[in-house]
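Below: one structure, written as structure tokens.
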Amino acid sequence: MKFGSVCSGIEAASVAWEPLGWKAAWFSEIEPFPSAVLKHHYPDTPNLGDMTTLPARIASGEVEAPDLFCGGTPCQAFSVAGLRQSLGDARGNLSLTFCEISDAIDAVRLAKGEPASIVFWENVPGVLSTKDNAFGCFLGALSGSDTAIVPSGRWTDAGVVAGPKRTVAWRTLDAQYFGVAQRRRRLFVVASARNDFDPAAVLFEFEGLRRDSAPSREAGKAVAPTVGTGAPFSRTGNDRVESDALVAQCLTTGTGQPVGQSGQSDCPAHHPLPARQQTCRPPRRWFLCQA
């Protein structure tokens, strides 16, 4: 499995996925310090710089179209701690550039007779509540809808959209339930056009097997996880690492082969959403189901 990474930072995805044998085909980072870190740790992996140049470079064949495409575009435009200018902020608009890169990758791969890529995106939960429906614009672009997708009410923490281009699943996860002594909620999106790959099976679990059970209100006596005792992928301190590794576990089978090659997964069987929690409204060209 080869992947391309945008907004790479110090490259949490590589830390999480290299133990699985996955290799980065390229990075895309413009900030000087993380770029220097990437050059030091991954001298043989090219840093392509500005991600806005990638759609054309991938389409021309200059840049490889990898099996998996991942990134966490800038969150400042969506965060409740910021000005929340959303897609009106150039940083927020990079979420739509992310979709353009995904389309360019799939166009090249399909022209070569290769399966469509798997897409993985991360951001803050604040993207679900912007005034301009930024998440609906992102989902529309990624799924292939003609327009932004508009929910029946507010965007919920989990759901699925099946569109003309891709099936897209999203879920908000909290790092405190995955071996990290910190409350850090992040929104994760997995999407693909593959017929033998279900994005929802990566993110959703049977209710009885869910790891994010309600926290105890009693004083805890156990020692909090540390670098030595907690999850091994928390050692970098990067907030994307722990959940990148979680997604990687569900993207692979027990033999370490990517889903789509074996057609099976060791993840809990997917029960998309309990019937009592479903709020489904099928529009003309896509199907939306929210938790």
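In the structure tokens, chains take letters A, B, ... by order of appearance, with residues numbered from 1 within each chain and ligands from 1 in the order shown.
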Next item on the list: For A:Pro46, list every protein, DNA or RNA residue within 9 Å, evaluated using only C-alpha atoms, and leave out those in the same chain fewer than 6 positions away; present the list as a PyMOL selection string.
Entry: chain A and resi 25-28+39
Nearby residues (only C-alpha atoms) at most 10 Å from A:Phe3, same-chain spacing under 6 positions excluded, as a compact mmCIF listing (two decimals) with N, CA and C atoms, in the first residue's frame:
```txt
# COMPACT_ATOMS: atom_id res chain seq x y z
N ALA A 13 0.92 10.07 9.72
CA ALA A 13 0.46 8.91 8.96
C ALA A 13 1.59 7.89 8.77
N SER A 14 2.78 8.37 8.49
CA SER A 14 3.91 7.45 8.30
C SER A 14 4.28 6.73 9.59
N TRP A 17 1.55 4.07 9.99
CA TRP A 17 1.34 3.08 8.94
C TRP A 17 2.59 2.33 8.51
N TRP A 22 3.19 -0.05 4.91
CA TRP A 22 2.72 0.97 3.97
C TRP A 22 3.81 2.03 3.80
N LYS A 23 3.98 2.53 2.59
CA LYS A 23 5.04 3.48 2.29
C LYS A 23 4.46 4.76 1.67
N ALA A 24 5.02 5.88 2.05
CA ALA A 24 4.60 7.16 1.47
C ALA A 24 5.22 7.32 0.09
N ALA A 25 4.37 7.62 -0.89
CA ALA A 25 4.87 7.92 -2.24
C ALA A 25 5.35 9.36 -2.29
N TRP A 26 4.68 10.24 -1.55
CA TRP A 26 5.05 11.65 -1.52
C TRP A 26 4.38 12.36 -0.35
N PHE A 27 4.97 13.49 0.04
CA PHE A 27 4.41 14.38 1.04
C PHE A 27 4.08 15.71 0.35
N GLU A 64 2.85 10.62 -8.81
CA GLU A 64 2.20 9.31 -8.73
C GLU A 64 0.80 9.41 -8.13
N ALA A 65 -0.11 8.60 -8.64
CA ALA A 65 -1.47 8.48 -8.09
C ALA A 65 -1.48 7.27 -7.16
N PRO A 66 -1.41 7.47 -5.83
CA PRO A 66 -1.20 6.36 -4.90
C PRO A 66 -2.48 5.58 -4.58
N ASP A 67 -2.29 4.48 -3.85
CA ASP A 67 -3.42 3.64 -3.44
C ASP A 67 -4.31 4.35 -2.43
N LEU A 68 -3.69 5.15 -1.59
CA LEU A 68 -4.42 5.84 -0.52
C LEU A 68 -3.98 7.29 -0.48
N PHE A 69 -4.94 8.19 -0.25
CA PHE A 69 -4.65 9.62 -0.17
C PHE A 69 -5.16 10.13 1.16
N CYS A 70 -4.30 10.82 1.91
CA CYS A 70 -4.70 11.26 3.25
C CYS A 70 -4.25 12.68 3.53
N SER A 117 -8.73 4.93 -5.44
CA SER A 117 -7.99 5.09 -4.20
C SER A 117 -8.92 5.06 -2.99
N ILE A 118 -8.32 4.93 -1.82
CA ILE A 118 -9.01 5.12 -0.55
C ILE A 118 -8.63 6.50 -0.04
N VAL A 119 -9.60 7.26 0.42
CA VAL A 119 -9.38 8.64 0.85
C VAL A 119 -9.62 8.76 2.35
```
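As for atom CA of A:Ala116 and atom CA of A:Ser35, they are spaced 28.7 Å apart.
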Check: atom CA of A:Arg171 and atom CA of A:Leu203 are how many Å apart?
Finding: 6.5 Å
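Excluding A:Val80 itself and same-chain residues fewer than 2 positions from it, the residues having an atom within 10 Å of it are Cys75, Gln76, Ala77, Phe78, Gly82, Leu83, Arg84, Val124, Pro125, Gly126, Val127, Ser129 and Thr130 of chain A, counting only C-alpha atoms.
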Next item on the list: Find the spatial neighbours of stretch 90-96 of chain A, counting only C-alpha atoms, within a cut-off of 6 Å - ignore same-chain residues fewer than 4 positions away - and output them as a PyMOL selection string.
Entry: chain A and resi 73-74+77+86
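With only C-alpha atoms as the atoms that count, the residue of A:Ala158, A:Ile149, A:Leu87, A:Leu110 with the shortest distance to A:Arg194 is A:Leu110.
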Give me, as a short mmCIF file (atom, residue, chain, number, x, y, z; two decimals) with C-alpha atoms, in the first residue's frame, the residues of stretch 22-92 of chain A that a backbone DSSP run labels strand (DSSP E).
```cif
data_model
loop_
_atom_site.label_atom_id
_atom_site.label_comp_id
_atom_site.auth_asym_id
_atom_site.auth_seq_id
_atom_site.Cartn_x
_atom_site.Cartn_y
_atom_site.Cartn_z
CA LYS A 23 5.04 3.48 2.29
CA ALA A 24 4.60 7.16 1.47
CA ALA A 25 4.87 7.92 -2.24
CA TRP A 26 5.05 11.65 -1.52
CA PHE A 27 4.41 14.38 1.04
CA SER A 28 3.04 17.88 0.60
CA LEU A 68 -4.42 5.84 -0.52
CA PHE A 69 -4.65 9.62 -0.17
CA CYS A 70 -4.70 11.26 3.25
CA GLY A 71 -4.48 14.62 4.93
#
```
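If you measure from each of A:Tyr42, A:Arg185, A:Glu31, A:Gln85 to A:Glu18 using only C-alpha atoms, the closest one turns out to be A:Tyr42.
If you count only C-alpha atoms and ignore residues fewer than 2 places along the chain from A:Thr52, what sits within 10 Å of it is Val6, Ser28, Gly49, Asp50, Leu54, Pro55, Ala56, Arg57, Leu94, Thr97, Phe98, Glu100 and Ile101 of chain A.
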Could you save the residues just selected, with C-alpha atoms, as a compact mmCIF listing (two decimals), in the first residue's frame?
```txt
# COMPACT_ATOMS: atom_id res chain seq x y z
CA VAL A 6 -0.96 16.53 2.17
CA SER A 28 3.04 17.88 0.60
CA GLY A 49 5.27 21.50 -1.48
CA ASP A 50 2.12 23.48 -2.34
CA LEU A 54 -1.12 18.67 -7.18
CA PRO A 55 -4.30 18.14 -9.25
CA ALA A 56 -2.55 19.26 -12.45
CA ARG A 57 0.72 17.47 -11.60
CA LEU A 94 -8.01 23.80 0.98
CA THR A 97 -8.63 21.35 -3.03
CA PHE A 98 -8.29 18.07 -1.15
CA GLU A 100 -9.83 17.95 -6.37
CA ILE A 101 -6.67 15.97 -5.62
```
Next item on the list: Write out as a PyMOL selection string all residues of stretch 21-160 of chain A that backbone DSSP assigns to alpha helix (DSSP H).
Entry: chain A and resi 32-41+54-59+90-111+134-143
